[in-house]
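Novice: One structure, pasted below without further comment.
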Amino acid sequence: MSQLRDAFTIFLSLLVEAFPFLLLGVILSSLLLSFINEEQLIKIMPRNPILGSLAGSIFGFVFPVCECGNVPVARRFLLQGLPTSVAIGFLLAAPTLNPIVIWSTWIVFRDQPEIIWLRLLFSWLIATIIACVFSVQKDSRPMLHHLLAKRMKIRSNYTRSSVKGKRANSPLLKGGNFLVGESGKVEKLDQGLLRKKSTPNLIFGFLENINQELRELGGVLVIGSAIAAAIQVFVPRDFILNLGQDTITSILAMMLLAAVVSICSTVDSFFALSFAGTFTSSSLLAFLVFGPMIDLKAVGLMLSVFKPRVIFYLFALAGQLTFILTLTYGYFF
């Protein structure tokens, strides 16, 4: 009975910790939908896979959200037609490469500045490499959740039919923001309304998109938090910690611990500090790099965007690259 109480307490704490960042991400996603012309955004985005990956990786400074809030923003990038490399680069790097996380890491590890800089460097490098790998797939729809792929197809068909049915000076060609409702009905946001930010229609569309995305992503956040709480309570933490006896096993143990505890990237530095006396610097670095990219809450949210096999590939690539980079640091520095 006490274990159930502990699990419920952890479940509530994960939700309380994660929901504000999920809400922030949904709000940023809705702002992208309502106030940014996607044609202009796509125009300035580099088409080169490597440059697109770099651009996506540094978007965290523009949209400072953790792993709980970056999913709706990345999903909006995909819906607005941005390259897959940009969305995946942002999805993996934004939880670490943002001012809030940099500041919290500096507060904790200011006596070990190499951990701060290496956390940023490794996170950026891993996100860029994985984004380049997935950029080989030109059409992102086969990788996406069927509902998201359906919305992209509806939006694409709507745009093509509008172009065929109107002349070149049609206002449909001048704006690029579309709202796809649950029924599949497509509504195009008038760019004239966007200039009048107090327009009731714009406010309604903004609030409607927040409501829809919160209902879609909030459910998987609850499921992911419940799974994370159950694992923390029913899998003995000593079993994980006893694995960290040398450089290799300590890195693997801290990566596993990062996935299990599912702690938000804005506060994970404080959690890692509690293991500083037991684990090596390379294993602490592995925890700080791998955790924000892959944890149980993030996986639950990412499943609303990507197919399971894509999540598995992200898991495998992020894990391998984190292990290689931190092991190299552990042996040579």
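By order in the structure tokens, chains are A, B, ...; within a chain, residues start at 1; ligands start at 1, following the order shown.
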Find the residues of stretch 107-161 of chain A that sit at most 10 Å from stretch 312-332 of chain A; for each, write down the nearest two atoms and how far apart they are in Å, to one decimal. Count only C-alpha atoms. Sort by chain, then by number going up, and give it as a Markdown table.

Specialist:
```
| residue | atom | partner | partner_atom | distance |
| --- | --- | --- | --- | --- |
| A:Leu118 | CA | A:Thr326 | CA | 9.1 |
| A:Arg119 | CA | A:Thr326 | CA | 9.7 |
| A:Phe122 | CA | A:Leu325 | CA | 7.2 |
| A:Ser123 | CA | A:Thr322 | CA | 8.4 |
| A:Leu125 | CA | A:Leu321 | CA | 9.1 |
| A:Ile126 | CA | A:Leu321 | CA | 6.4 |
| A:Ala127 | CA | A:Ala318 | CA | 8.0 |
| A:Ile129 | CA | A:Leu321 | CA | 9.0 |
| A:Ile130 | CA | A:Leu317 | CA | 6.9 |
| A:Ala131 | CA | A:Leu314 | CA | 9.6 |
| A:Val133 | CA | A:Leu317 | CA | 9.6 |
| A:Phe134 | CA | A:Leu314 | CA | 9.4 |
```

Novice: Might you pull out every residue within 10 Å of A:Met302, with only C-alpha atoms counted and same-chain residues fewer than 2 positions away left off, and present them as a PDB file with all heavy atoms, in the first residue's frame?

Specialist:
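Saved file around_29.pdb follows:
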```pdb
ATOM      1  N   GLU A  67      11.942  19.183 -22.510  1.00  0.00           N
ATOM      2  CA  GLU A  67      11.454  18.043 -23.283  1.00  0.00           C
ATOM      3  C   GLU A  67       9.955  17.855 -23.150  1.00  0.00           C
ATOM      4  O   GLU A  67       9.363  17.110 -23.927  1.00  0.00           O
ATOM      5  CB  GLU A  67      12.189  16.760 -22.869  1.00  0.00           C
ATOM      6  CG  GLU A  67      11.932  16.296 -21.457  1.00  0.00           C
ATOM      7  CD  GLU A  67      12.901  16.913 -20.457  1.00  0.00           C
ATOM      8  OE1 GLU A  67      13.511  17.949 -20.774  1.00  0.00           O
ATOM      9  OE2 GLU A  67      13.029  16.377 -19.350  1.00  0.00           O
ATOM     10  N   CYS A  68       9.331  18.511 -22.174  1.00  0.00           N
ATOM     11  CA  CYS A  68       7.873  18.416 -22.025  1.00  0.00           C
ATOM     12  C   CYS A  68       7.139  19.373 -22.966  1.00  0.00           C
ATOM     13  O   CYS A  68       5.967  19.172 -23.265  1.00  0.00           O
ATOM     14  CB  CYS A  68       7.464  18.728 -20.583  1.00  0.00           C
ATOM     15  SG  CYS A  68       8.392  17.826 -19.344  1.00  0.00           S
ATOM     16  N   ASN A  70       8.719  20.808 -25.984  1.00  0.00           N
ATOM     17  CA  ASN A  70       9.255  20.961 -27.329  1.00  0.00           C
ATOM     18  C   ASN A  70       8.486  20.162 -28.369  1.00  0.00           C
ATOM     19  O   ASN A  70       8.542  20.466 -29.556  1.00  0.00           O
ATOM     20  CB  ASN A  70      10.736  20.565 -27.366  1.00  0.00           C
ATOM     21  CG  ASN A  70      10.959  19.108 -27.016  1.00  0.00           C
ATOM     22  OD1 ASN A  70      10.072  18.445 -26.491  1.00  0.00           O
ATOM     23  ND2 ASN A  70      12.144  18.610 -27.301  1.00  0.00           N
ATOM     24  N   VAL A  71       7.736  19.133 -27.929  1.00  0.00           N
ATOM     25  CA  VAL A  71       7.030  18.285 -28.886  1.00  0.00           C
ATOM     26  C   VAL A  71       5.958  19.048 -29.669  1.00  0.00           C
ATOM     27  O   VAL A  71       5.910  18.968 -30.891  1.00  0.00           O
ATOM     28  CB  VAL A  71       6.431  17.051 -28.189  1.00  0.00           C
ATOM     29  CG1 VAL A  71       5.601  16.224 -29.166  1.00  0.00           C
ATOM     30  CG2 VAL A  71       7.535  16.198 -27.591  1.00  0.00           C
ATOM     31  N   PRO A  72       5.066  19.812 -29.010  1.00  0.00           N
ATOM     32  CA  PRO A  72       4.074  20.550 -29.809  1.00  0.00           C
ATOM     33  C   PRO A  72       4.700  21.572 -30.739  1.00  0.00           C
ATOM     34  O   PRO A  72       4.174  21.819 -31.838  1.00  0.00           O
ATOM     35  CB  PRO A  72       3.186  21.226 -28.747  1.00  0.00           C
ATOM     36  CG  PRO A  72       3.965  21.186 -27.490  1.00  0.00           C
ATOM     37  CD  PRO A  72       4.813  19.958 -27.565  1.00  0.00           C
ATOM     38  N   ALA A  74       7.750  21.270 -32.205  1.00  0.00           N
ATOM     39  CA  ALA A  74       8.310  20.495 -33.314  1.00  0.00           C
ATOM     40  C   ALA A  74       7.203  20.005 -34.244  1.00  0.00           C
ATOM     41  O   ALA A  74       7.363  19.976 -35.473  1.00  0.00           O
ATOM     42  CB  ALA A  74       9.112  19.312 -32.771  1.00  0.00           C
ATOM     43  N   ARG A  75       6.077  19.617 -33.669  1.00  0.00           N
ATOM     44  CA  ARG A  75       4.951  19.165 -34.492  1.00  0.00           C
ATOM     45  C   ARG A  75       4.418  20.297 -35.360  1.00  0.00           C
ATOM     46  O   ARG A  75       4.087  20.095 -36.528  1.00  0.00           O
ATOM     47  CB  ARG A  75       3.840  18.609 -33.596  1.00  0.00           C
ATOM     48  CG  ARG A  75       2.705  17.997 -34.388  1.00  0.00           C
ATOM     49  CD  ARG A  75       1.757  17.212 -33.528  1.00  0.00           C
ATOM     50  NE  ARG A  75       0.942  18.057 -32.664  1.00  0.00           N
ATOM     51  CZ  ARG A  75      -0.135  17.625 -32.017  1.00  0.00           C
ATOM     52  NH1 ARG A  75      -0.507  16.362 -32.134  1.00  0.00           N
ATOM     53  NH2 ARG A  75      -0.822  18.434 -31.248  1.00  0.00           N
ATOM     54  N   LEU A  91      13.791  19.146 -31.719  1.00  0.00           N
ATOM     55  CA  LEU A  91      13.204  18.221 -30.747  1.00  0.00           C
ATOM     56  C   LEU A  91      14.258  17.680 -29.787  1.00  0.00           C
ATOM     57  O   LEU A  91      14.014  17.547 -28.580  1.00  0.00           O
ATOM     58  CB  LEU A  91      12.534  17.068 -31.491  1.00  0.00           C
ATOM     59  CG  LEU A  91      11.689  16.086 -30.690  1.00  0.00           C
ATOM     60  CD1 LEU A  91      10.450  16.766 -30.150  1.00  0.00           C
ATOM     61  CD2 LEU A  91      11.300  14.895 -31.552  1.00  0.00           C
ATOM     62  N   LEU A 144       5.617   9.677 -39.601  1.00  0.00           N
ATOM     63  CA  LEU A 144       4.776  10.359 -38.625  1.00  0.00           C
ATOM     64  C   LEU A 144       3.593   9.510 -38.176  1.00  0.00           C
ATOM     65  O   LEU A 144       3.174   8.571 -38.865  1.00  0.00           O
ATOM     66  CB  LEU A 144       4.270  11.673 -39.212  1.00  0.00           C
ATOM     67  CG  LEU A 144       5.331  12.664 -39.694  1.00  0.00           C
ATOM     68  CD1 LEU A 144       4.675  13.912 -40.241  1.00  0.00           C
ATOM     69  CD2 LEU A 144       6.286  13.013 -38.569  1.00  0.00           C
ATOM     70  N   HIS A 145       3.064   9.870 -37.017  1.00  0.00           N
ATOM     71  CA  HIS A 145       1.819   9.275 -36.518  1.00  0.00           C
ATOM     72  C   HIS A 145       0.728   9.473 -37.561  1.00  0.00           C
ATOM     73  O   HIS A 145       0.675  10.512 -38.239  1.00  0.00           O
ATOM     74  CB  HIS A 145       1.437   9.948 -35.202  1.00  0.00           C
ATOM     75  CG  HIS A 145       0.288   9.305 -34.494  1.00  0.00           C
ATOM     76  ND1 HIS A 145      -1.034   9.573 -34.829  1.00  0.00           N
ATOM     77  CD2 HIS A 145       0.243   8.413 -33.472  1.00  0.00           C
ATOM     78  CE1 HIS A 145      -1.826   8.879 -34.040  1.00  0.00           C
ATOM     79  NE2 HIS A 145      -1.078   8.166 -33.208  1.00  0.00           N
ATOM     80  N   LEU A 217      -1.996  15.978 -26.362  1.00  0.00           N
ATOM     81  CA  LEU A 217      -0.705  15.724 -25.731  1.00  0.00           C
ATOM     82  C   LEU A 217      -0.836  15.493 -24.229  1.00  0.00           C
ATOM     83  O   LEU A 217       0.001  14.800 -23.637  1.00  0.00           O
ATOM     84  CB  LEU A 217       0.247  16.898 -25.993  1.00  0.00           C
ATOM     85  CG  LEU A 217       0.579  17.148 -27.468  1.00  0.00           C
ATOM     86  CD1 LEU A 217       1.495  18.348 -27.601  1.00  0.00           C
ATOM     87  CD2 LEU A 217       1.218  15.927 -28.094  1.00  0.00           C
ATOM     88  N   VAL A 220      -1.211  11.656 -23.338  1.00  0.00           N
ATOM     89  CA  VAL A 220       0.004  10.841 -23.377  1.00  0.00           C
ATOM     90  C   VAL A 220       0.981  11.266 -22.286  1.00  0.00           C
ATOM     91  O   VAL A 220       1.792  10.462 -21.818  1.00  0.00           O
ATOM     92  CB  VAL A 220       0.664  10.912 -24.773  1.00  0.00           C
ATOM     93  CG1 VAL A 220      -0.194  10.225 -25.799  1.00  0.00           C
ATOM     94  CG2 VAL A 220       0.944  12.349 -25.188  1.00  0.00           C
ATOM     95  N   LEU A 221       0.916  12.533 -21.855  1.00  0.00           N
ATOM     96  CA  LEU A 221       1.757  12.973 -20.742  1.00  0.00           C
ATOM     97  C   LEU A 221       1.349  12.251 -19.451  1.00  0.00           C
ATOM     98  O   LEU A 221       2.201  11.823 -18.666  1.00  0.00           O
ATOM     99  CB  LEU A 221       1.656  14.484 -20.558  1.00  0.00           C
ATOM    100  CG  LEU A 221       2.423  15.064 -19.365  1.00  0.00           C
ATOM    101  CD1 LEU A 221       3.919  14.824 -19.530  1.00  0.00           C
ATOM    102  CD2 LEU A 221       2.134  16.551 -19.205  1.00  0.00           C
ATOM    103  N   ILE A 294      15.885  11.675 -24.266  1.00  0.00           N
ATOM    104  CA  ILE A 294      15.064  10.472 -24.175  1.00  0.00           C
ATOM    105  C   ILE A 294      14.686  10.230 -22.721  1.00  0.00           C
ATOM    106  O   ILE A 294      15.543   9.903 -21.895  1.00  0.00           O
ATOM    107  CB  ILE A 294      15.810   9.234 -24.709  1.00  0.00           C
ATOM    108  CG1 ILE A 294      16.295   9.467 -26.137  1.00  0.00           C
ATOM    109  CG2 ILE A 294      14.928   8.007 -24.621  1.00  0.00           C
ATOM    110  CD1 ILE A 294      15.189   9.646 -27.148  1.00  0.00           C
ATOM    111  N   LEU A 296      10.887   8.864 -20.330  1.00  0.00           N
ATOM    112  CA  LEU A 296       9.588   8.229 -20.545  1.00  0.00           C
ATOM    113  C   LEU A 296       8.491   9.228 -20.879  1.00  0.00           C
ATOM    114  O   LEU A 296       7.600   8.940 -21.675  1.00  0.00           O
ATOM    115  CB  LEU A 296       9.205   7.402 -19.311  1.00  0.00           C
ATOM    116  CG  LEU A 296      10.107   6.191 -19.046  1.00  0.00           C
ATOM    117  CD1 LEU A 296       9.669   5.472 -17.792  1.00  0.00           C
ATOM    118  CD2 LEU A 296      10.108   5.254 -20.237  1.00  0.00           C
ATOM    119  N   LYS A 297       8.543  10.421 -20.250  1.00  0.00           N
ATOM    120  CA  LYS A 297       7.531  11.438 -20.589  1.00  0.00           C
ATOM    121  C   LYS A 297       7.699  11.882 -22.037  1.00  0.00           C
ATOM    122  O   LYS A 297       6.719  12.017 -22.764  1.00  0.00           O
ATOM    123  CB  LYS A 297       7.665  12.655 -19.662  1.00  0.00           C
ATOM    124  CG  LYS A 297       7.344  12.390 -18.214  1.00  0.00           C
ATOM    125  CD  LYS A 297       7.096  13.684 -17.456  1.00  0.00           C
ATOM    126  CE  LYS A 297       8.220  14.681 -17.614  1.00  0.00           C
ATOM    127  NZ  LYS A 297       9.488  14.247 -16.999  1.00  0.00           N
ATOM    128  N   ALA A 298       8.950  12.095 -22.437  1.00  0.00           N
ATOM    129  CA  ALA A 298       9.200  12.552 -23.801  1.00  0.00           C
ATOM    130  C   ALA A 298       8.781  11.503 -24.820  1.00  0.00           C
ATOM    131  O   ALA A 298       8.238  11.831 -25.874  1.00  0.00           O
ATOM    132  CB  ALA A 298      10.677  12.903 -23.972  1.00  0.00           C
ATOM    133  N   VAL A 299       9.027  10.226 -24.498  1.00  0.00           N
ATOM    134  CA  VAL A 299       8.639   9.165 -25.424  1.00  0.00           C
ATOM    135  C   VAL A 299       7.131   9.147 -25.606  1.00  0.00           C
ATOM    136  O   VAL A 299       6.615   9.017 -26.722  1.00  0.00           O
ATOM    137  CB  VAL A 299       9.145   7.799 -24.919  1.00  0.00           C
ATOM    138  CG1 VAL A 299       8.559   6.671 -25.747  1.00  0.00           C
ATOM    139  CG2 VAL A 299      10.663   7.759 -24.982  1.00  0.00           C
ATOM    140  N   GLY A 300       6.389   9.277 -24.507  1.00  0.00           N
ATOM    141  CA  GLY A 300       4.937   9.299 -24.614  1.00  0.00           C
ATOM    142  C   GLY A 300       4.452  10.433 -25.509  1.00  0.00           C
ATOM    143  O   GLY A 300       3.547  10.254 -26.327  1.00  0.00           O
ATOM    144  N   SER A 304       2.993  10.757 -30.160  1.00  0.00           N
ATOM    145  CA  SER A 304       1.897  11.479 -30.798  1.00  0.00           C
ATOM    146  C   SER A 304       2.357  12.160 -32.080  1.00  0.00           C
ATOM    147  O   SER A 304       1.536  12.725 -32.806  1.00  0.00           O
ATOM    148  CB  SER A 304       1.321  12.526 -29.835  1.00  0.00           C
ATOM    149  OG  SER A 304       2.263  13.549 -29.579  1.00  0.00           O
ATOM    150  N   VAL A 305       3.657  12.106 -32.356  1.00  0.00           N
ATOM    151  CA  VAL A 305       4.208  12.728 -33.570  1.00  0.00           C
ATOM    152  C   VAL A 305       4.784  11.679 -34.512  1.00  0.00           C
ATOM    153  O   VAL A 305       4.509  11.704 -35.717  1.00  0.00           O
ATOM    154  CB  VAL A 305       5.309  13.758 -33.209  1.00  0.00           C
ATOM    155  CG1 VAL A 305       5.872  14.403 -34.469  1.00  0.00           C
ATOM    156  CG2 VAL A 305       4.753  14.822 -32.277  1.00  0.00           C
ATOM    157  N   PHE A 306       5.578  10.741 -33.974  1.00  0.00           N
ATOM    158  CA  PHE A 306       6.279   9.772 -34.805  1.00  0.00           C
ATOM    159  C   PHE A 306       5.744   8.365 -34.585  1.00  0.00           C
ATOM    160  O   PHE A 306       5.131   8.065 -33.568  1.00  0.00           O
ATOM    161  CB  PHE A 306       7.780   9.781 -34.489  1.00  0.00           C
ATOM    162  CG  PHE A 306       8.462  11.081 -34.801  1.00  0.00           C
ATOM    163  CD1 PHE A 306       8.877  11.922 -33.778  1.00  0.00           C
ATOM    164  CD2 PHE A 306       8.695  11.463 -36.109  1.00  0.00           C
ATOM    165  CE1 PHE A 306       9.503  13.116 -34.048  1.00  0.00           C
ATOM    166  CE2 PHE A 306       9.320  12.657 -36.393  1.00  0.00           C
ATOM    167  CZ  PHE A 306       9.731  13.493 -35.367  1.00  0.00           C
ATOM    168  N   LYS A 307       6.029   7.504 -35.553  1.00  0.00           N
ATOM    169  CA  LYS A 307       5.701   6.093 -35.416  1.00  0.00           C
ATOM    170  C   LYS A 307       6.667   5.432 -34.432  1.00  0.00           C
ATOM    171  O   LYS A 307       7.791   5.914 -34.242  1.00  0.00           O
ATOM    172  CB  LYS A 307       5.766   5.409 -36.779  1.00  0.00           C
ATOM    173  CG  LYS A 307       4.659   5.865 -37.727  1.00  0.00           C
ATOM    174  CD  LYS A 307       4.730   5.117 -39.046  1.00  0.00           C
ATOM    175  CE  LYS A 307       3.577   5.543 -39.961  1.00  0.00           C
ATOM    176  NZ  LYS A 307       3.636   4.853 -41.273  1.00  0.00           N
ATOM    177  N   PRO A 308       6.265   4.311 -33.825  1.00  0.00           N
ATOM    178  CA  PRO A 308       7.122   3.672 -32.814  1.00  0.00           C
ATOM    179  C   PRO A 308       8.517   3.328 -33.309  1.00  0.00           C
ATOM    180  O   PRO A 308       9.491   3.456 -32.575  1.00  0.00           O
ATOM    181  CB  PRO A 308       6.324   2.412 -32.438  1.00  0.00           C
ATOM    182  CG  PRO A 308       4.902   2.773 -32.700  1.00  0.00           C
ATOM    183  CD  PRO A 308       4.936   3.674 -33.901  1.00  0.00           C
ATOM    184  N   VAL A 310      10.333   4.861 -35.436  1.00  0.00           N
ATOM    185  CA  VAL A 310      11.145   6.073 -35.488  1.00  0.00           C
ATOM    186  C   VAL A 310      11.648   6.426 -34.093  1.00  0.00           C
ATOM    187  O   VAL A 310      12.807   6.821 -33.906  1.00  0.00           O
ATOM    188  CB  VAL A 310      10.342   7.242 -36.099  1.00  0.00           C
ATOM    189  CG1 VAL A 310      11.151   8.535 -36.077  1.00  0.00           C
ATOM    190  CG2 VAL A 310       9.925   6.908 -37.514  1.00  0.00           C
ATOM    191  N   ILE A 311      10.771   6.268 -33.085  1.00  0.00           N
ATOM    192  CA  ILE A 311      11.186   6.509 -31.703  1.00  0.00           C
ATOM    193  C   ILE A 311      12.308   5.544 -31.315  1.00  0.00           C
ATOM    194  O   ILE A 311      13.268   5.929 -30.644  1.00  0.00           O
ATOM    195  CB  ILE A 311       9.995   6.328 -30.740  1.00  0.00           C
ATOM    196  CG1 ILE A 311       8.828   7.240 -31.162  1.00  0.00           C
ATOM    197  CG2 ILE A 311      10.414   6.623 -29.315  1.00  0.00           C
ATOM    198  CD1 ILE A 311       9.141   8.702 -31.110  1.00  0.00           C
TER     199      ILE A 311
END
```

Novice: For atom CA of A:Leu288 and atom CA of A:Ala272, quote the distance in Å rounded to one decimal.

Specialist: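 Going from atom CA of A:Leu288 over to atom CA of A:Ala272, I get 7.5 Å.
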
Novice: Tell me which protein, DNA and RNA residues are within 9 Å of stretch 252-260 of chain A, counting only C-alpha atoms, leaving out same-chain ones fewer than 4 positions away, and put them as a PDB file with N, CA and C atoms, in the first residue's frame.

Specialist:
```
ATOM      1  N   ALA A 228       6.504   6.184 -15.696  1.00  0.00           N
ATOM      2  CA  ALA A 228       7.741   6.604 -15.034  1.00  0.00           C
ATOM      3  C   ALA A 228       7.640   6.429 -13.526  1.00  0.00           C
ATOM      4  N   ALA A 229       6.504   6.781 -12.941  1.00  0.00           N
ATOM      5  CA  ALA A 229       6.317   6.634 -11.493  1.00  0.00           C
ATOM      6  C   ALA A 229       6.337   5.169 -11.087  1.00  0.00           C
ATOM      7  N   ILE A 231       7.869   2.656 -12.568  1.00  0.00           N
ATOM      8  CA  ILE A 231       9.219   2.110 -12.665  1.00  0.00           C
ATOM      9  C   ILE A 231      10.076   2.582 -11.496  1.00  0.00           C
ATOM     10  N   GLN A 232       9.934   3.866 -11.129  1.00  0.00           N
ATOM     11  CA  GLN A 232      10.734   4.397 -10.021  1.00  0.00           C
ATOM     12  C   GLN A 232      10.422   3.688  -8.706  1.00  0.00           C
ATOM     13  N   ARG A 237      16.065   1.179  -7.005  1.00  0.00           N
ATOM     14  CA  ARG A 237      17.095   2.078  -7.525  1.00  0.00           C
ATOM     15  C   ARG A 237      18.492   1.544  -7.244  1.00  0.00           C
ATOM     16  N   ILE A 240      20.014  -0.255 -10.100  1.00  0.00           N
ATOM     17  CA  ILE A 240      20.609   0.585 -11.144  1.00  0.00           C
ATOM     18  C   ILE A 240      21.944   1.153 -10.675  1.00  0.00           C
ATOM     19  N   LEU A 241      21.964   1.639  -9.423  1.00  0.00           N
ATOM     20  CA  LEU A 241      23.173   2.295  -8.926  1.00  0.00           C
ATOM     21  C   LEU A 241      24.335   1.324  -8.768  1.00  0.00           C
ATOM     22  N   ASN A 242      24.059   0.058  -8.450  1.00  0.00           N
ATOM     23  CA  ASN A 242      25.121  -0.922  -8.271  1.00  0.00           C
ATOM     24  C   ASN A 242      25.852  -1.243  -9.573  1.00  0.00           C
ATOM     25  N   LEU A 243      25.259  -0.831 -10.693  1.00  0.00           N
ATOM     26  CA  LEU A 243      25.920  -1.067 -11.978  1.00  0.00           C
ATOM     27  C   LEU A 243      27.090  -0.117 -12.207  1.00  0.00           C
ATOM     28  N   GLY A 244      27.112   1.005 -11.485  1.00  0.00           N
ATOM     29  CA  GLY A 244      28.107   2.041 -11.769  1.00  0.00           C
ATOM     30  C   GLY A 244      29.412   1.830 -11.030  1.00  0.00           C
ATOM     31  N   THR A 247      34.063   2.970 -15.457  1.00  0.00           N
ATOM     32  CA  THR A 247      33.716   4.018 -16.414  1.00  0.00           C
ATOM     33  C   THR A 247      32.566   3.605 -17.327  1.00  0.00           C
ATOM     34  N   ILE A 248      32.652   2.401 -17.880  1.00  0.00           N
ATOM     35  CA  ILE A 248      31.644   1.963 -18.850  1.00  0.00           C
ATOM     36  C   ILE A 248      30.297   1.724 -18.173  1.00  0.00           C
ATOM     37  N   ASP A 268      17.347  18.949 -13.830  1.00  0.00           N
ATOM     38  CA  ASP A 268      18.086  17.688 -13.753  1.00  0.00           C
ATOM     39  C   ASP A 268      19.502  17.872 -13.237  1.00  0.00           C
ATOM     40  N   PHE A 279      29.574   8.818  -8.659  1.00  0.00           N
ATOM     41  CA  PHE A 279      29.779   8.523 -10.072  1.00  0.00           C
ATOM     42  C   PHE A 279      30.823   9.461 -10.680  1.00  0.00           C
ATOM     43  N   SER A 283      29.992   9.959 -16.395  1.00  0.00           N
ATOM     44  CA  SER A 283      28.650   9.388 -16.222  1.00  0.00           C
ATOM     45  C   SER A 283      27.632  10.474 -15.879  1.00  0.00           C
ATOM     46  N   LEU A 284      28.035  11.488 -15.098  1.00  0.00           N
ATOM     47  CA  LEU A 284      27.144  12.628 -14.845  1.00  0.00           C
ATOM     48  C   LEU A 284      26.825  13.347 -16.146  1.00  0.00           C
ATOM     49  N   LEU A 285      27.838  13.476 -17.001  1.00  0.00           N
ATOM     50  CA  LEU A 285      27.633  14.119 -18.293  1.00  0.00           C
ATOM     51  C   LEU A 285      26.679  13.306 -19.156  1.00  0.00           C
ATOM     52  N   ALA A 286      26.804  11.976 -19.109  1.00  0.00           N
ATOM     53  CA  ALA A 286      25.889  11.118 -19.862  1.00  0.00           C
ATOM     54  C   ALA A 286      24.450  11.317 -19.392  1.00  0.00           C
ATOM     55  N   PHE A 287      24.261  11.434 -18.072  1.00  0.00           N
ATOM     56  CA  PHE A 287      22.927  11.680 -17.518  1.00  0.00           C
ATOM     57  C   PHE A 287      22.365  13.008 -18.036  1.00  0.00           C
ATOM     58  N   LEU A 288      23.197  14.059 -18.044  1.00  0.00           N
ATOM     59  CA  LEU A 288      22.743  15.393 -18.429  1.00  0.00           C
ATOM     60  C   LEU A 288      22.488  15.518 -19.931  1.00  0.00           C
ATOM     61  N   VAL A 289      23.180  14.713 -20.724  1.00  0.00           N
ATOM     62  CA  VAL A 289      23.003  14.777 -22.180  1.00  0.00           C
ATOM     63  C   VAL A 289      21.856  13.877 -22.629  1.00  0.00           C
ATOM     64  N   PHE A 290      21.832  12.653 -22.134  1.00  0.00           N
ATOM     65  CA  PHE A 290      20.857  11.671 -22.621  1.00  0.00           C
ATOM     66  C   PHE A 290      19.451  11.918 -22.080  1.00  0.00           C
ATOM     67  N   GLY A 291      19.342  12.312 -20.811  1.00  0.00           N
ATOM     68  CA  GLY A 291      18.040  12.474 -20.175  1.00  0.00           C
ATOM     69  C   GLY A 291      17.096  13.416 -20.887  1.00  0.00           C
ATOM     70  N   PRO A 292      17.544  14.644 -21.230  1.00  0.00           N
ATOM     71  CA  PRO A 292      16.625  15.560 -21.909  1.00  0.00           C
ATOM     72  C   PRO A 292      16.189  15.089 -23.293  1.00  0.00           C
ATOM     73  N   ILE A 294      15.885  11.675 -24.266  1.00  0.00           N
ATOM     74  CA  ILE A 294      15.064  10.472 -24.175  1.00  0.00           C
ATOM     75  C   ILE A 294      14.686  10.230 -22.721  1.00  0.00           C
ATOM     76  N   ASP A 295      13.443  10.414 -22.371  1.00  0.00           N
ATOM     77  CA  ASP A 295      12.907   9.937 -21.108  1.00  0.00           C
ATOM     78  C   ASP A 295      11.477   9.467 -21.340  1.00  0.00           C
ATOM     79  N   LEU A 296      10.887   8.864 -20.330  1.00  0.00           N
ATOM     80  CA  LEU A 296       9.588   8.229 -20.545  1.00  0.00           C
ATOM     81  C   LEU A 296       8.491   9.228 -20.879  1.00  0.00           C
ATOM     82  N   GLY A 319      21.371   7.093 -27.802  1.00  0.00           N
ATOM     83  CA  GLY A 319      22.090   6.320 -26.802  1.00  0.00           C
ATOM     84  C   GLY A 319      23.512   5.996 -27.228  1.00  0.00           C
ATOM     85  N   THR A 322      25.646   9.263 -27.328  1.00  0.00           N
ATOM     86  CA  THR A 322      25.939   9.719 -25.962  1.00  0.00           C
ATOM     87  C   THR A 322      27.009   8.851 -25.317  1.00  0.00           C
ATOM     88  N   PHE A 323      26.880   7.545 -25.477  1.00  0.00           N
ATOM     89  CA  PHE A 323      27.845   6.626 -24.888  1.00  0.00           C
ATOM     90  C   PHE A 323      29.240   6.836 -25.475  1.00  0.00           C
TER      91      PHE A 323
END
```

Novice: Could you list, as a list in words, every residue within 6 Å of stretch 92-108 of chain A, counting only C-alpha atoms and ignoring same-chain residues fewer than 2 positions away?

Specialist: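 Selected residues are Ser57, Gly60, Phe61, Pro64, Cys66, Glu67, Gly89, Phe90, Arg110, Ser123, Trp124, Ala127, Thr266, Ser269, Pro292 and Met293 of chain A.
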
Novice: As a PyMOL selection string, please: every residue in stretch 94-132 of chain A that a backbone DSSP assignment puts in helix (DSSP H, G or I).

Specialist: chain A and resi 99-109+113-132

Novice: So how far away is atom CA of A:Ser85 from atom CA of A:Ile263, in Å?

Specialist: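 Straight-line distance from atom CA of A:Ile263 to atom CA of A:Ser85 works out to 25.9 Å.
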